[in-house]
Amino acid sequence: MNPENTFERATELLAPWARWSKMVQPNMMEVSVSRNHLLQCVQALLDAGWGYLSAITGMHIPGVENTTDIEKQWSRLSQEGELSYRPPHTGDSFLVLYHFCEGDLVLNLRVHPPSLEDSNVPSLSRLIPVAGIYERELQEMFGVVVDDIPDGSHFLLPEDWPDGVYPLRKDFKGLPEEV
Amino acid sequence: MEGNFERTLIDGLNTWARTNSPWAIHYNSGSCNGCDIEILATLTPRYDIERLGIKLQGSPRHADVLICTGPVSRQSRDRLVRIYEQMPDPKFVVAVGSCAISGGAFRGLYNIMGGIDEVIPVNVFIPGCPPRPEAIIYGVVQLLETLKK
Amino acid sequence: MEEQVQAKNKFVVPIGPQHPALKEPGHFEFTVDGEIVVGATVRLGYAHRGIEKGCEDRNWAQGMYLVERVCGICSHIHAMTFALGAEKLANVTAPPRAQAIRLLVGELERIHSHMLWLGVQAHEGGFDTLFMYTWRDRETVMDLLEMLTGNRVNYSANVLGGVKCDVTDPIASEILKGMDFLEQRARYYLDIVSTDETFLGRTRDVGTMTKEQALRIGAIGPTGRASGLERDVRLNAPYAGYVDFPIKVVTEQGGDLLARTLVRVKELFESIRLIREVLDKLPPGEISVRMPRRVPEGAVVSRVEAPRGEVLYYMKSAGSDKPERIKIRTPSICNWATVMATAVGHKLADMPMLLAGIDPCFSCSDRSVKIVRRDDEQYMTWEALRQYGNGFYR
C-alpha cells in the first residue's frame, strides 16, 4: 500500500483516455474509458504501481422499448455525462467493470461496448496473467467476446451446456426442460 | 440341501463382515464444503467413526457405502453415476445434508439437478445444514441396522 | 482425451474429481516427464451452482443466507461481506457491538479454518498424527462457535443491520478459556512445523514464489503474505470491528510451502490476541438496527479478508428489494494461478501438498473458474502408451 496512490494520482494517470469519472462511493471512483484505450490505461496503472486488478465484473443492461423509457435513460445518461460520446442505447448492452484496489480505494475502469452483437473487449491477460480467469468467466456467463484471450474454452459450465445460452444475462430464466 | 446350508452360512458371514467393517467412499457433487468438513470431523479423534469399523476409502471399487454431500450439479452428475457404477454390489448410498436430500438452499439454481436421489438410489438421508457429526454417525448406524435384517 | 500425436516421453496424469488425497471435486491434469511435472491444468466447475444468478432472484435478506453457503468453511466471511455491502448501500451502520462480534466470529472462524488447513496439509504430507492432533484441538473452537452462534458450520451470525447473537459473560469466559488452550497448542504446532525434519523435507523450498512473482501473478491472502507481500484487507481497508481493533500483519519472506505454513500458524496467535482484546473491550449497546426492505439505488464494492485472502463483492442495487447484480470474487481463484505457475519442475508426489498449500476452496472457486495453461506438450493416450511400452520392451 502506497500512501501516494490517491484518486488524484489515478485521475492524472488516466487523464489522456478518461471520458468522465465520478465518485460512486467515498472510496470508489468510476472512470469511463473506451475499449480501444483499455490496455493503455491498465499499462499506465501498472507502470505507476497503482493498485492491483482485483476482479472483473460483467453486467447486462436491458434495453428500453418505448419512448418514455428512452427519455428516462437519456436523462440518466446525461447526468452521468455519458451522452457526450454516444447516443442512448435502446438495445441491450453489456457493462464491464475492472476493479483495481489500492488500500481502501477502489478504482473501476468502466468499459461499455455499444451492443450485444458488438461486445468485444480486449484481453488483459498479457499484462496481468490472472485476468485471463476473470475474462473467461465474463465470456461464459455473458457472451462478451474477449479478443486475444489465450484460452477461451468452456471452463465453468458443464460440457453439455448449450451454445449461446448465457446464464447471467437478465433474460435467462433457466434451461429448457429437455437438457 | 447341503448347498443351501452353505449358501446360508456364506450369506450370514457376508452380512456379518459387511455390517462390522463397511468401507465408505466420499464424493462431493457440488456441496458448499460444510458437510464435507463435518464428515471429516467424524473421522477425527472426538467422534472417531473408525471405532465402528467404518473406514474412508479412496477407490470406489473397494467401497460398500457411498457418502454423498451436496446437490448434484450438472457437471458432476456423470461422475456421480460413474462412481456409483464402479462400486461392487451390494452397494449403499448415504446422502448427507439438506442439499443432498432436495437441493436445499440451491434448489432451482440453473446448474443444480436436485438431490442425490434424482440420479442414484439412496438408502439413508441425513438432514441438517450441515448435519452434526453425531447425526452422521447415527445415520450410518441406521444403515447398518437395516443391513443386519 | 482425444487421439494425439505421441512423440516425447511425456504423459498426462489425470487426478480427480474423485481422488483419495482430495476431499473436494476438482480435476487436474499434470503433464509429467518421468517424475517431474512440466505442465499443469485444472478443470473446475464440479461444484458450480450458479449463486450469482440465484441472488438476483432472492431479496436482500434471503440472498445473505444463500451467499453464506458459497463456502461452508468461510461462511461467516461471505455473509459478513454481503451484509456490510448492503448496509453501506442502505446507509445503515451496524452498532459498534455488532461490529465487534462480527470480528470475533470472523477470527474464531479464521482459527478453525487455519487449523483445518494445517491438518489437511499434514495429511497430504503423510503426517497423519499432526492431522489428528489439529482436528482434535479444532473441536475446541467448533464448540465455542456453536456456543456463540448455535451452529457448528453455517453460523448465520449476521443479519442485515447487525448480528443476532450476543456475547454474554459466561460465553466470554468460555472463549477465553478456549483461547488459552489453543494458544498452548498453537505453540506446539509452531514447534512441530519448524523443527520436524520430515515435514521440513516436504515443505522447504517446495513451490517457492518470489515477491515479484507473487505480485505479478496476483497472489493474495496467506499465500501472498508468505512471499513477503503485505496485503491484508483487515489492515489496508479496515471493516467491521477492525477499525477499532487493528491487527498486525504476519508476513514471511521464504515464499515456499514452509513459509505458507508458518504464516498460517503465526496468524493463529494474532487471532487469539485479537479475540482476547475484543472480549476485554467489547463495546456495550445494541447488536442490531433496523434495515429497510428496499435498498436504495447504488453500487458498492465490499471487501473482507477471509482466511484464504481477499473476498470481493460488487453489489449493485436498482432500488428494489432484490439486488440487481452480485458479483462474488473469492480468494481461491486468484491463488490457483500461483499453483499452476509453481508446479512446474517439481515431483508429481509434491503436487497434493502444493495444491493444498494455497488452502484451495473448490466450492468458492467453482462459482466460476478454470485455468488452463496449454503449452505445446504432446499427449499420449493410454492406448498409445501401451503400444509404445510394448514396442519398447520387445
# chains A, B, ... in the order shown; residues from 1 in each chain; ligands from 1

$ select_by_dssp --residues "range 57-304 of chain C" --states "helix (DSSP H, G or I)" --output "PyMOL selection string"
chain C and resi 60-67+75-89+96-124+128-149+169-195+197-203+211-217+221-225+233-236+240-243+257-280

$ interface_residues --of "chain A" --to "chain B" --cutoff "8 Å" --atoms "only C-alpha atoms" --output "list in words"
Leu157, Pro158, Glu159, Pro167, Gly174 and Leu175 of chain A

$ closest_residue --among "C:Met142, C:Met291, C:Val120, C:Leu66" --to "Ala90 in chain C" --atoms "only C-alpha atoms"
C:Met291

$ residues_around --residues "Arg51 in chain B" --least-positions-apart "5" --cutoff "12 Å" --atoms "only C-alpha atoms" --output "list in words"
Asn20, Ser21, Pro22, Thr42, Leu43, Thr44, Pro45, Arg46 and Ile137 of chain B

$ interface_residues --of "chain A" --to "chain C" --cutoff "8 Å" --atoms "only C-alpha atoms" --output "ChimeraX atom specification"
/A:1,24-25,28,52-55,57,59,103-106,128-130,133-134,136-137,151,155-158,167-168

$ write_last_selection --atoms "N, CA and C atoms" --output "CSV table (one decimal), in the first residue's frame"
chain,number,residue,atom,x,y,z
A,1,MET,N,0.9,-1.2,0.0
A,1,MET,CA,0.0,0.0,0.0
A,1,MET,C,0.9,1.2,0.0
A,24,VAL,N,-18.6,7.0,-6.9
A,24,VAL,CA,-19.8,6.3,-6.7
A,24,VAL,C,-20.0,6.1,-5.2
A,25,GLN,N,-18.9,6.0,-4.5
A,25,GLN,CA,-18.9,5.9,-3.0
A,25,GLN,C,-17.7,6.7,-2.6
A,28,MET,N,-14.8,4.8,-3.8
A,28,MET,CA,-14.9,4.1,-5.1
A,28,MET,C,-15.1,5.1,-6.2
A,52,TYR,N,-3.9,-3.1,-7.7
A,52,TYR,CA,-3.8,-4.4,-8.4
A,52,TYR,C,-5.2,-4.8,-8.9
A,53,LEU,N,-5.3,-5.5,-10.0
A,53,LEU,CA,-6.6,-5.9,-10.5
A,53,LEU,C,-7.2,-6.9,-9.6
A,54,SER,N,-8.4,-6.6,-9.1
A,54,SER,CA,-9.0,-7.4,-8.1
A,54,SER,C,-10.1,-8.3,-8.6
A,55,ALA,N,-10.8,-7.8,-9.6
A,55,ALA,CA,-11.9,-8.6,-10.2
A,55,ALA,C,-12.3,-7.9,-11.4
A,57,THR,N,-16.0,-7.4,-13.3
A,57,THR,CA,-17.5,-7.7,-13.2
A,57,THR,C,-18.1,-7.4,-14.5
A,59,MET,N,-21.9,-6.9,-16.5
A,59,MET,CA,-23.3,-6.6,-16.2
A,59,MET,C,-24.1,-6.6,-17.5
A,103,GLY,N,-5.1,-0.1,-1.2
A,103,GLY,CA,-5.5,0.3,0.2
A,103,GLY,C,-7.0,0.1,0.3
A,104,ASP,N,-7.7,1.2,0.8
A,104,ASP,CA,-9.1,1.0,0.8
A,104,ASP,C,-9.8,1.7,-0.4
A,105,LEU,N,-9.0,2.1,-1.4
A,105,LEU,CA,-9.6,2.7,-2.5
A,105,LEU,C,-9.9,1.7,-3.6
A,106,VAL,N,-11.0,1.9,-4.3
A,106,VAL,CA,-11.4,1.0,-5.4
A,106,VAL,C,-11.6,1.9,-6.6
A,128,ILE,N,-1.7,-8.8,-17.2
A,128,ILE,CA,-2.0,-9.4,-15.9
A,128,ILE,C,-2.4,-10.8,-16.1
A,129,PRO,N,-1.6,-11.8,-15.8
A,129,PRO,CA,-2.0,-13.2,-16.1
A,129,PRO,C,-3.3,-13.6,-15.5
A,130,VAL,N,-3.6,-13.2,-14.3
A,130,VAL,CA,-4.7,-13.7,-13.6
A,130,VAL,C,-6.0,-13.2,-14.2
A,133,ILE,N,-8.5,-15.5,-16.1
A,133,ILE,CA,-9.5,-16.3,-15.4
A,133,ILE,C,-10.9,-15.5,-15.4
A,134,TYR,N,-10.7,-14.2,-15.0
A,134,TYR,CA,-11.9,-13.4,-14.9
A,134,TYR,C,-12.6,-13.2,-16.2
A,136,ARG,N,-12.5,-15.3,-18.7
A,136,ARG,CA,-13.2,-16.5,-19.2
A,136,ARG,C,-14.6,-16.5,-18.5
A,137,GLU,N,-14.6,-16.1,-17.3
A,137,GLU,CA,-15.9,-16.1,-16.6
A,137,GLU,C,-16.9,-15.2,-17.3
A,151,ASP,N,-6.9,-18.7,-23.8
A,151,ASP,CA,-7.8,-19.9,-23.9
A,151,ASP,C,-9.2,-19.6,-23.5
A,155,PHE,N,-15.1,-23.4,-19.3
A,155,PHE,CA,-14.3,-23.6,-18.1
A,155,PHE,C,-15.1,-23.9,-16.9
A,156,LEU,N,-16.3,-23.3,-16.8
A,156,LEU,CA,-17.0,-23.4,-15.6
A,156,LEU,C,-18.3,-24.2,-15.7
A,157,LEU,N,-19.0,-23.9,-16.8
A,157,LEU,CA,-20.2,-24.5,-17.1
A,157,LEU,C,-19.9,-26.0,-17.6
A,158,PRO,N,-20.9,-26.9,-17.4
A,158,PRO,CA,-20.6,-28.3,-17.8
A,158,PRO,C,-20.4,-28.4,-19.3
A,167,PRO,N,-26.0,-17.7,-18.7
A,167,PRO,CA,-26.8,-17.7,-17.5
A,167,PRO,C,-26.9,-16.4,-16.8
A,168,LEU,N,-25.9,-15.5,-16.9
A,168,LEU,CA,-26.1,-14.3,-16.1
A,168,LEU,C,-26.7,-13.1,-16.8

$ select_by_dssp --residues "range 122-355 of chain C" --states "strand (DSSP E or B)" --output "ChimeraX atom specification"
/C:158-159,162-163,288,298-306,309-317,323-329,347

$ closest_atom_pairs --of "chain B" --to "chain C" --cutoff "10 Å" --atoms "only C-alpha atoms" --output "JSON lines"
{"residue": "B:Ile25", "atom": "CA", "partner": "C:Pro20", "partner_atom": "CA", "distance": 8.8}
{"residue": "B:His26", "atom": "CA", "partner": "C:Lys23", "partner_atom": "CA", "distance": 7.7}
{"residue": "B:Tyr27", "atom": "CA", "partner": "C:Gln18", "partner_atom": "CA", "distance": 6.6}
{"residue": "B:Asn28", "atom": "CA", "partner": "C:Glu24", "partner_atom": "CA", "distance": 5.9}
{"residue": "B:Ser29", "atom": "CA", "partner": "C:Ala47", "partner_atom": "CA", "distance": 6.3}
{"residue": "B:Gly30", "atom": "CA", "partner": "C:Ala47", "partner_atom": "CA", "distance": 3.6}
{"residue": "B:Ser31", "atom": "CA", "partner": "C:Ala47", "partner_atom": "CA", "distance": 6.4}
{"residue": "B:Cys32", "atom": "CA", "partner": "C:Cys71", "partner_atom": "CA", "distance": 4.6}
{"residue": "B:Asn33", "atom": "CA", "partner": "C:Gly72", "partner_atom": "CA", "distance": 4.9}
{"residue": "B:Gly34", "atom": "CA", "partner": "C:Gly72", "partner_atom": "CA", "distance": 4.0}
{"residue": "B:Cys35", "atom": "CA", "partner": "C:Gly72", "partner_atom": "CA", "distance": 7.7}
{"residue": "B:Asp36", "atom": "CA", "partner": "C:Lys23", "partner_atom": "CA", "distance": 7.5}
{"residue": "B:Ile37", "atom": "CA", "partner": "C:Ile73", "partner_atom": "CA", "distance": 7.9}
{"residue": "B:Glu38", "atom": "CA", "partner": "C:Val153", "partner_atom": "CA", "distance": 8.3}
{"residue": "B:Leu40", "atom": "CA", "partner": "C:Lys23", "partner_atom": "CA", "distance": 8.8}
{"residue": "B:Ala41", "atom": "CA", "partner": "C:Trp135", "partner_atom": "CA", "distance": 7.1}
{"residue": "B:Leu43", "atom": "CA", "partner": "C:Met132", "partner_atom": "CA", "distance": 8.9}
{"residue": "B:Thr44", "atom": "CA", "partner": "C:Met132", "partner_atom": "CA", "distance": 5.8}
{"residue": "B:Pro45", "atom": "CA", "partner": "C:Arg136", "partner_atom": "CA", "distance": 5.6}
{"residue": "B:Arg46", "atom": "CA", "partner": "C:Arg136", "partner_atom": "CA", "distance": 6.0}
{"residue": "B:Tyr47", "atom": "CA", "partner": "C:Arg136", "partner_atom": "CA", "distance": 9.2}
{"residue": "B:Leu56", "atom": "CA", "partner": "C:Pro20", "partner_atom": "CA", "distance": 9.0}
{"residue": "B:Gln57", "atom": "CA", "partner": "C:Pro20", "partner_atom": "CA", "distance": 7.2}
{"residue": "B:Gly58", "atom": "CA", "partner": "C:Pro20", "partner_atom": "CA", "distance": 4.2}
{"residue": "B:Ser59", "atom": "CA", "partner": "C:Pro20", "partner_atom": "CA", "distance": 7.1}
{"residue": "B:Pro60", "atom": "CA", "partner": "C:Gln18", "partner_atom": "CA", "distance": 9.1}
{"residue": "B:Gly70", "atom": "CA", "partner": "C:Ala47", "partner_atom": "CA", "distance": 8.6}
{"residue": "B:Pro71", "atom": "CA", "partner": "C:Arg49", "partner_atom": "CA", "distance": 8.7}
{"residue": "B:Val72", "atom": "CA", "partner": "C:Ala47", "partner_atom": "CA", "distance": 8.3}
{"residue": "B:Ser73", "atom": "CA", "partner": "C:Ala47", "partner_atom": "CA", "distance": 6.3}
{"residue": "B:Arg74", "atom": "CA", "partner": "C:Tyr46", "partner_atom": "CA", "distance": 7.7}
{"residue": "B:Gln75", "atom": "CA", "partner": "C:Tyr46", "partner_atom": "CA", "distance": 5.1}
{"residue": "B:Ser76", "atom": "CA", "partner": "C:Tyr46", "partner_atom": "CA", "distance": 5.1}
{"residue": "B:Arg77", "atom": "CA", "partner": "C:Tyr46", "partner_atom": "CA", "distance": 8.7}
{"residue": "B:Arg79", "atom": "CA", "partner": "C:Pro17", "partner_atom": "CA", "distance": 7.9}
{"residue": "B:Leu80", "atom": "CA", "partner": "C:Gln18", "partner_atom": "CA", "distance": 9.2}
{"residue": "B:Ile83", "atom": "CA", "partner": "C:Gln18", "partner_atom": "CA", "distance": 8.3}
{"residue": "B:Ala105", "atom": "CA", "partner": "C:Leu66", "partner_atom": "CA", "distance": 6.5}
{"residue": "B:Phe106", "atom": "CA", "partner": "C:Arg49", "partner_atom": "CA", "distance": 7.1}
{"residue": "B:Arg107", "atom": "CA", "partner": "C:Arg49", "partner_atom": "CA", "distance": 9.4}
{"residue": "B:Gly108", "atom": "CA", "partner": "C:Gly54", "partner_atom": "CA", "distance": 8.3}
{"residue": "B:Leu109", "atom": "CA", "partner": "C:Gly50", "partner_atom": "CA", "distance": 5.9}
{"residue": "B:Tyr110", "atom": "CA", "partner": "C:Gly50", "partner_atom": "CA", "distance": 6.1}
{"residue": "B:Asn111", "atom": "CA", "partner": "C:Arg49", "partner_atom": "CA", "distance": 5.0}
{"residue": "B:Ile112", "atom": "CA", "partner": "C:Arg49", "partner_atom": "CA", "distance": 6.0}
{"residue": "B:Met113", "atom": "CA", "partner": "C:Arg49", "partner_atom": "CA", "distance": 9.6}
{"residue": "B:Cys129", "atom": "CA", "partner": "C:Asn154", "partner_atom": "CA", "distance": 7.2}
{"residue": "B:Pro130", "atom": "CA", "partner": "C:Val153", "partner_atom": "CA", "distance": 6.8}
{"residue": "B:Pro131", "atom": "CA", "partner": "C:Arg152", "partner_atom": "CA", "distance": 9.2}
{"residue": "B:Arg132", "atom": "CA", "partner": "C:Arg152", "partner_atom": "CA", "distance": 7.6}
{"residue": "B:Pro133", "atom": "CA", "partner": "C:Arg152", "partner_atom": "CA", "distance": 9.9}

$ atom_distance --atom1 "CA of Ile10 in chain B" --atom2 "CA of Lys148 in chain B"
14.1 Å

$ residues_around --residues "His114 in chain C" --least-positions-apart "5" --cutoff "8 Å" --atoms "only C-alpha atoms" --output "list in words"
Arg264, Val265, Leu268 and Pro307 of chain C

$ residues_around --residues "Val31 in chain A" --least-positions-apart "5" --cutoff "10 Å" --atoms "only C-alpha atoms" --output "PDB file with C-alpha atoms, in the first residue's frame"
ATOM      1  CA  ALA A  10      -5.126   7.894 -10.718  1.00  0.00           C
ATOM      2  CA  THR A  11      -7.060  10.686 -12.417  1.00  0.00           C
ATOM      3  CA  LEU A  14      -5.727   8.143 -16.761  1.00  0.00           C
ATOM      4  CA  ALA A  15      -6.290  11.718 -17.939  1.00  0.00           C
ATOM      5  CA  TRP A  17      -8.047   8.464 -22.044  1.00  0.00           C
ATOM      6  CA  ALA A  18     -10.731   9.113 -19.436  1.00  0.00           C
ATOM      7  CA  ARG A  19     -14.112  10.222 -20.779  1.00  0.00           C
ATOM      8  CA  TRP A  20     -15.614  11.032 -17.467  1.00  0.00           C
ATOM      9  CA  SER A  21     -15.229   9.989 -13.902  1.00  0.00           C
ATOM     10  CA  LYS A  22     -17.407  10.095 -10.863  1.00  0.00           C
ATOM     11  CA  MET A  23     -17.299   9.086  -7.242  1.00  0.00           C
ATOM     12  CA  LEU A  97     -16.017  -3.072 -14.789  1.00  0.00           C
ATOM     13  CA  TYR A  98     -12.350  -3.657 -13.991  1.00  0.00           C
ATOM     14  CA  LEU A 107     -10.965   2.288  -8.935  1.00  0.00           C
ATOM     15  CA  ASN A 108     -13.373   0.921 -11.523  1.00  0.00           C
ATOM     16  CA  LEU A 109     -12.412   1.188 -15.150  1.00  0.00           C
ATOM     17  CA  ARG A 110     -15.735   1.160 -16.930  1.00  0.00           C
ATOM     18  CA  VAL A 111     -15.977  -0.171 -20.459  1.00  0.00           C
TER      19      VAL A 111
END

$ decode --residues "range 101-122 of chain B" --atoms "N, CA, C and O atoms" --output "short mmCIF file (atom, residue, chain, number, x, y, z; two decimals), in the first residue's frame"
data_model
loop_
_atom_site.label_atom_id
_atom_site.label_comp_id
_atom_site.auth_asym_id
_atom_site.auth_seq_id
_atom_site.Cartn_x
_atom_site.Cartn_y
_atom_site.Cartn_z
N ILE B 101 -30.52 -33.98 -0.02
CA ILE B 101 -31.88 -34.50 0.02
C ILE B 101 -32.73 -33.89 -1.08
O ILE B 101 -33.40 -34.58 -1.84
N SER B 102 -32.66 -32.55 -1.20
CA SER B 102 -33.59 -31.90 -2.13
C SER B 102 -32.93 -30.85 -2.99
O SER B 102 -33.56 -30.28 -3.86
N GLY B 103 -31.68 -30.54 -2.74
CA GLY B 103 -31.08 -29.38 -3.38
C GLY B 103 -30.94 -28.25 -2.38
O GLY B 103 -30.16 -27.33 -2.59
N GLY B 104 -31.70 -28.31 -1.31
CA GLY B 104 -31.58 -27.36 -0.20
C GLY B 104 -31.65 -25.92 -0.64
O GLY B 104 -32.51 -25.53 -1.44
N ALA B 105 -30.71 -25.13 -0.14
CA ALA B 105 -30.70 -23.70 -0.43
C ALA B 105 -30.48 -23.45 -1.91
O ALA B 105 -30.82 -22.39 -2.42
N PHE B 106 -29.91 -24.42 -2.60
CA PHE B 106 -29.56 -24.20 -4.01
C PHE B 106 -30.64 -24.69 -4.96
O PHE B 106 -30.48 -24.63 -6.16
N ARG B 107 -31.72 -25.23 -4.45
CA ARG B 107 -32.75 -25.78 -5.31
C ARG B 107 -33.24 -24.71 -6.28
O ARG B 107 -33.53 -23.59 -5.87
N GLY B 108 -33.29 -25.07 -7.55
CA GLY B 108 -33.82 -24.12 -8.53
C GLY B 108 -32.74 -23.32 -9.23
O GLY B 108 -33.03 -22.67 -10.22
N LEU B 109 -31.51 -23.36 -8.75
CA LEU B 109 -30.46 -22.65 -9.46
C LEU B 109 -30.15 -23.40 -10.76
O LEU B 109 -30.36 -24.60 -10.86
N TYR B 110 -29.61 -22.65 -11.74
CA TYR B 110 -29.57 -23.23 -13.08
C TYR B 110 -28.63 -24.40 -13.25
O TYR B 110 -28.79 -25.19 -14.16
N ASN B 111 -27.64 -24.53 -12.38
CA ASN B 111 -26.69 -25.62 -12.58
C ASN B 111 -26.96 -26.80 -11.65
O ASN B 111 -26.14 -27.68 -11.52
N ILE B 112 -28.09 -26.81 -11.00
CA ILE B 112 -28.39 -27.83 -10.00
C ILE B 112 -29.48 -28.77 -10.51
O ILE B 112 -30.52 -28.32 -10.98
N MET B 113 -29.19 -30.07 -10.43
CA MET B 113 -30.18 -31.05 -10.88
C MET B 113 -31.18 -31.38 -9.77
O MET B 113 -32.23 -31.91 -10.04
N GLY B 114 -30.80 -31.16 -8.54
CA GLY B 114 -31.66 -31.52 -7.42
C GLY B 114 -30.89 -32.38 -6.44
O GLY B 114 -29.67 -32.30 -6.38
N GLY B 115 -31.61 -33.20 -5.67
CA GLY B 115 -30.96 -34.02 -4.66
C GLY B 115 -30.29 -35.24 -5.28
O GLY B 115 -30.41 -35.51 -6.47
N ILE B 116 -29.55 -35.98 -4.43
CA ILE B 116 -28.83 -37.16 -4.90
C ILE B 116 -29.79 -38.19 -5.48
O ILE B 116 -29.48 -38.85 -6.47
N ASP B 117 -31.00 -38.31 -4.89
CA ASP B 117 -31.88 -39.39 -5.33
C ASP B 117 -32.48 -39.14 -6.70
O ASP B 117 -33.19 -39.98 -7.23
N GLU B 118 -32.22 -37.99 -7.29
CA GLU B 118 -32.64 -37.77 -8.68
C GLU B 118 -31.73 -38.55 -9.62
O GLU B 118 -32.06 -38.75 -10.78
N VAL B 119 -30.56 -38.92 -9.14
CA VAL B 119 -29.57 -39.52 -10.02
C VAL B 119 -29.30 -40.98 -9.67
O VAL B 119 -29.24 -41.83 -10.54
N ILE B 120 -29.11 -41.26 -8.38
CA ILE B 120 -28.86 -42.64 -7.97
C ILE B 120 -29.76 -42.97 -6.78
O ILE B 120 -30.18 -42.06 -6.06
N PRO B 121 -30.07 -44.24 -6.57
CA PRO B 121 -30.92 -44.60 -5.42
C PRO B 121 -30.20 -44.35 -4.10
O PRO B 121 -28.99 -44.58 -4.00
N VAL B 122 -30.95 -43.89 -3.12
CA VAL B 122 -30.35 -43.54 -1.82
C VAL B 122 -30.98 -44.41 -0.74
O VAL B 122 -32.18 -44.64 -0.74
#
